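Accompanying notes for the structure given below.
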Amino acid sequence: MSCTEQELSTQDMLQGHIDLHHHLYGYHKSMALLCATDLGIPGAIHRRGGAATISDIVADTMIPPAKLPHLRRLMRVLSVSGIFAVEEDVYKLTPASRLLVGDKASCNFSPLVHLVVSPAMLTTFSSLSPWFRDGRNTSPTALFEMAHGMPPWEMMKRDDTMNLALNDACVADSSFLMEIALRERGDVVFRGLRSLVDVGGGHGGAAMAIAKAFPDIKCSVLDLPHVISQAPDDGTHVLHCWDADDCVKILGQCKKAIPARGDGGKVILINPVIGYGVKQDSTLKETQVLADMNMIAIGGAEREEHEFKKIFLDAGFSDYRIMPVLGLMSIIEVYP
């Protein structure tokens with residue numbers, strides 16, 4: 001039986017043909033975004049007041065004029081996919097590309113682009129099929145080890161460029177989310193706390209934002225030595241980097257360090273909860289599950305509510321509350 005002789009309408013088959021190609025070509029969007037970021041195109045548009053012609057972009061990014069026809073094609077795919085907007089041959093920033101500009105590192109997500117679409121990550125996923133068939137190495141980071149011969153955190157220590165991209169991406173992400181969290185739920189989540197430790201807090205972006213908004217809270221950051229050594233002197237979502245057993249151990253240690261619930265003790269997480277609060281927004285859930293695929297590379301996971309619940313209970317906590325108020329992320333309070 002040929003593929004066109006199945007019990008499907010012609011329109012269904014043609015739509016399937018479109019959908020298949022859409023998935024196959026999907027990675028071109030990521031590579032086009034990386035290219036635009038490397039060329040400084042979002043910044044060039046921003047410096048022009050948020051709108052620029054193709055000639056403006058060529059002039060400001062020093063792209064050779066001979067590449068102009070190819071640049072038009074690059075900008076077309078990024079405009080169709082929503083990174084830029086275009087009207088009468090004038091390109092404008094969208095909410096997505098506005099996150100790629102700015103002088104403050106804490107407001108610029110360019111390092112996240114370089115991290116997610118880095119050669120190390122792309123090479124890792126080239127080993128996905130062999131990894132599924134290999135039953136010997138059961139380490140959570142086996143996929144990364146198969147591709148690179150070492151765990152991801154070992155590579156971070158050896159590769160300064162990748163380590164810097166990770167830390168800068170975490171600073172931007174945590175600062176961006178914490179600013180919104182403090183504005184929308186700050187009084188609910190942080191009011192009344194006396195001290196706070198940001199576990200896996202990187203360069204301290206989230207801790208500094210909380211300390212600024214609530215000066216009475218004593219904020220500290222706990223992270224690996226090679227991360228802390230590069231942190232600035234001025235002054236969480238960590239669980240997705242680890243498998244379930246390690247998450248239980250991390251939370252178990254947190255539980256030992258915090259007071260009872262009646263005395264204000266709680267663990268605060270900012271993490272995706274796959275599907276939670278999602279109704280018709282398929283883009284949100286697809287982004288959450290794609291983020292989970294990304295975490296496979298380093299042995300982590302994004303989780304559904306029932307998976308979080310098991311981890312919390314196994315770590316000895318009694319209850320939790322999920323607040324899906326940060327788009328891709330949720331604020332989760334976990335109570336002893």
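Every chain in the structure tokens takes a letter, A first, then B, and so on in the order presented; its residues are numbered from 1, and the ligands are numbered from 1 following the presented order.
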**Q.** Long-range neighbours of Val248 of chain A as a ChimeraX atom specification, 8 Å cut-off, only C-alpha atoms, 3 positions minimum in chain
**A.** /A:244-245,251-252,311-312,314-315
So that I can see what lies close to segment 156-169 of chain A, please list as a PDB file with N, CA and C atoms, in the first residue's frame the residues with an atom at most 6 Å from it, counting only C-alpha atoms and leaving out residues fewer than 3 positions away in the same chain.
ATOM      1  N   PRO A 111      23.579  35.273  25.739  1.00  0.00           N
ATOM      2  CA  PRO A 111      24.333  34.102  26.197  1.00  0.00           C
ATOM      3  C   PRO A 111      23.511  32.822  26.193  1.00  0.00           C
ATOM      4  N   LEU A 112      22.196  32.926  26.422  1.00  0.00           N
ATOM      5  CA  LEU A 112      21.349  31.736  26.389  1.00  0.00           C
ATOM      6  C   LEU A 112      21.304  31.146  24.990  1.00  0.00           C
ATOM      7  N   LEU A 115      24.477  29.339  24.420  1.00  0.00           N
ATOM      8  CA  LEU A 115      24.555  28.108  25.203  1.00  0.00           C
ATOM      9  C   LEU A 115      23.717  26.992  24.585  1.00  0.00           C
ATOM     10  N   TRP A 153      29.453  18.952  33.641  1.00  0.00           N
ATOM     11  CA  TRP A 153      30.028  19.915  34.596  1.00  0.00           C
ATOM     12  C   TRP A 153      31.550  19.887  34.542  1.00  0.00           C
ATOM     13  N   ALA A 172      21.001  36.349  33.427  1.00  0.00           N
ATOM     14  CA  ALA A 172      19.932  37.012  32.681  1.00  0.00           C
ATOM     15  C   ALA A 172      18.574  36.390  32.994  1.00  0.00           C
TER      16      ALA A 172
END
Q) Excluding same-chain residues fewer than 2 positions from Asp292 of chain A, what lies within 12 Å of it counting only C-alpha atoms, as number ranges by chain? A) A: 240-243, 271-274, 285-290, 294-304, 328
Q: For Ala32 of chain A, list every protein, DNA or RNA residue within 9 Å, evaluated using only C-alpha atoms, and leave out those in the same chain fewer than 5 positions away; present the list as a VMD selection string.
A: chain A and resid 27 37 74 to 75 77 to 78
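Restricting the calculation to only C-alpha atoms, the smallest distance between Lys29 of chain A and any of A:Ile270, A:Trp131, A:Val113, A:Leu182 is found for A:Val113.
Ranking A:Leu100, A:Ile331, A:Asp246, A:Asp319 by their shortest atom-to-atom distance to Ala181 of chain A, with only C-alpha atoms included, puts A:Ile331 first.
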Q: Name the residues of segment 46-278 of chain A that come out as helix (DSSP H, G or I) in a backbone DSSP run; write them as a PyMOL selection string.
A: chain A and resi 46-47+54-61+65-80+95-98+105-107+110-116+119-125+128-133+142-148+152-158+160-189+205-213+225-228+239-241+244-257+261-263
(Q) When you look at Ser195 of chain A with a cut-off of 7 Å (counting only C-alpha atoms), what residues show up, excluding the ones that are within fewer than 3 positions of it in the same chain? I need them as a PyMOL selection string. (A) chain A and resi 217-219
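When atom CA of Pro151 of chain A is paired with atom CA of Ser129 of chain A, their separation reads 18.4 Å.
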Q: Calculate how many Å separate atom CA of Ile54 of chain A from atom CA of Lys67 of chain A, rounding to one decimal.
A: 11.1 Å
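Interatomic distance, atom CA of Val117 of chain A against atom CA of Arg133 of chain A: 24.8 Å.
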